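The next block holds one structure in the form of structure tokens; read it before the comments.
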Amino acid sequence: MRQLCLSKIFLFYLFFTIIFITNCTNYDITDPGPQPIHLEDVEHQPKLNVLGILRPDSANGAPLSFIHIEHSFPIDNIPDSSIVPDAEVKVIKFAENSPVDTSVFIYTDLRIFPTKEYRNSSFFPGQGTYQLICKKEGYPTLTAQTTIPAIPQIEKGTLKLQENNLSFKIIRDEDVGLYEIVLQGKGWLVKDRFLRPKQGNVPFEFSLIGIPKGECVIKIYAFDNNLSEYLTVNLSIKPNIYQREFSTVENGYGSFGALNIFEMKIDL
């Protein structure tokens with residue numbers, strides 16, 4: 001009787017071992033993972049979605065700062081257009097934690113840009129802290145804040161031009177997370193982006209192989225931390241993987257950032 005019971009136990013474990021091995025053999029890495037047995041019915045809460053960039057430069061005399069605004073929508077009710085053309089948009093400058101100036105942005109192309117965005121024809125910002133306020137009936141008031149960095153500076157004595165190489169260092173700025181360096185000459189342009197290191201000044205090095213000799217312009221774009229994160233965050237869609245929503249604003253979605261620019265001419 002004892003031997004019979006042991007045989008039944010052995011057959012029981014053998015049966016489940018075979019099932020386990022069979023399931024593992026048929027598993028494909030592309031198969032969907034475990035699915036929830038219940039999906040919560042969450043009501044869509046409309047919010048504003050923005051991309052705002054403050055910058056000091058201009059095109060044909062018109063400032064290049066802009067605020068782009070759309071509205072959110074449920075996935076099962078996609079509208080023909082999500083653009084919001086009638087929001088109330090203000091950018092407030094702060095000094096020592098107190099507001100000192102307010103600029104109203106309106107939806108316009110200023111008669112020179114190919115598309116309409118929220119712009120202000122006399123807004124030429126400098127280094128400092130700015131707050132964005134966007135209001136639209138039926139939506140929470142969106143707010144955000146950014147700091148326009150100082151104009152980037154090349155560390156004295158680090159600009160070195162060799163036969164096939166150009167190198168220099170930029171003085172560290174904690175308000176900057178990402179730099180874009182552009183070299184532009186007659187009929188050619190090269191550029192690259194560099195993240196600010198965890199410590200020390202920021203080294204750059206360019207190969208000049210294949211680049212014509214002569215005068216060119218160095219442009220250094222310094223992106224604030226909000227815009228740096230926006231430009232480097234991974235927003236790819238991966239099946240069966242949860243990704244947190246990306247935003248640098250309050251009561252809405254998107255990013256409000258800034259940049260500053262350094263420019264100089266050199267002879268290669």
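For the structure tokens, the naming scheme is as follows: chains receive sequential letters (A, B, ...) according to their order of presentation, residues are indexed from 1 within each chain, and ligands are indexed from 1 in presentation order.
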Skipping near chain neighbours, those fewer than 3 positions away, what residues fall within 12 Å of Arg193 in chain A using only C-alpha atoms, listed as a ChimeraX atom specification? /A:177-183,190,196,202-206,219-223,228,231-232
In range 15-240 of chain A, what's strand (DSSP E) per DSSP? Answer as number ranges by chain? A: 48-54, 58-59, 62-63, 66-71, 88-95, 98-108, 117-119, 128-135, 142-148, 160-162, 165-170, 176-185, 188-195, 202-207, 215-224
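All residues of range 6-240 of chain A that DSSP, run on the backbone, classes as helix (DSSP H, G or I) are Leu6, Ser7, Lys8, Ile9, Phe10, Leu11, Phe12, Tyr13, Leu14, Phe15, Phe16, Thr17, Ile18, Ile19, Phe20, Ile21, Thr22, Asn23, Cys24, Thr25, Asn26, Asn225, Asn226, Leu227, Ser228, Glu229, Tyr230, Leu231 and Thr232 of chain A.
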Please write the residues from the selection above to a file, keeping C-alpha atoms, as a JSON list (two decimals), in the first residue's frame.
```json
[["chain", "number", "residue", "atom", "x", "y", "z"],
["A", 6, "LEU", "CA", 4.41, 6.71, -3.47],
["A", 7, "SER", "CA", 3.77, 5.76, -7.10],
["A", 8, "LYS", "CA", 0.69, 8.00, -7.20],
["A", 9, "ILE", "CA", 2.67, 10.92, -5.76],
["A", 10, "PHE", "CA", 5.44, 10.36, -8.31],
["A", 11, "LEU", "CA", 2.93, 10.33, -11.20],
["A", 12, "PHE", "CA", 1.30, 13.51, -9.83],
["A", 13, "TYR", "CA", 4.58, 15.49, -9.88],
["A", 14, "LEU", "CA", 5.58, 13.99, -13.25],
["A", 15, "PHE", "CA", 2.30, 15.19, -14.76],
["A", 16, "PHE", "CA", 2.80, 18.82, -13.66],
["A", 17, "THR", "CA", 6.48, 18.77, -14.63],
["A", 18, "ILE", "CA", 5.52, 17.80, -18.21],
["A", 19, "ILE", "CA", 2.93, 20.63, -18.32],
["A", 20, "PHE", "CA", 5.52, 23.16, -17.06],
["A", 21, "ILE", "CA", 8.14, 22.09, -19.61],
["A", 22, "THR", "CA", 5.58, 22.20, -22.42],
["A", 23, "ASN", "CA", 4.49, 25.72, -21.49],
["A", 24, "CYS", "CA", 8.09, 26.96, -21.37],
["A", 25, "THR", "CA", 8.83, 25.39, -24.76],
["A", 26, "ASN", "CA", 5.88, 27.18, -26.36],
["A", 225, "ASN", "CA", 16.96, 71.75, -17.54],
["A", 226, "ASN", "CA", 13.28, 71.51, -18.60],
["A", 227, "LEU", "CA", 14.06, 71.62, -22.30],
["A", 228, "SER", "CA", 17.08, 69.33, -21.84],
["A", 229, "GLU", "CA", 14.87, 66.67, -20.28],
["A", 230, "TYR", "CA", 12.23, 67.11, -22.98],
["A", 231, "LEU", "CA", 14.80, 66.67, -25.76],
["A", 232, "THR", "CA", 16.40, 63.56, -24.23]]
```
Within 8 Å of range 59-63 of chain A, counting only C-alpha atoms, which residues qualify if same-chain residues fewer than 4 places away don't, as a PyMOL selection string? chain A and resi 55+110+120-124
Neighbour list for range 125-135 of chain A as a ChimeraX atom specification, cut-off 6 Å, only C-alpha atoms, skip fewer than 4 positions in-chain: /A:56,87-94,141-150
Using only C-alpha atoms, which residues sit within 8 Å of Pro212 in chain A once same-chain residues fewer than 2 positions away are excluded, as an NGL selection string? :A and (210 or 214 or 268)
Report as JSON, numbers by chain all protein, DNA and RNA residues lying within 9 Å of range 70-86 of chain A, evaluated on only C-alpha atoms, omitting residues in the same chain fewer than 4 positions from it. {"A": [43, 44, 45, 46, 47, 48, 49, 50, 51, 106, 107, 116, 117, 118, 136, 139, 252, 253]}
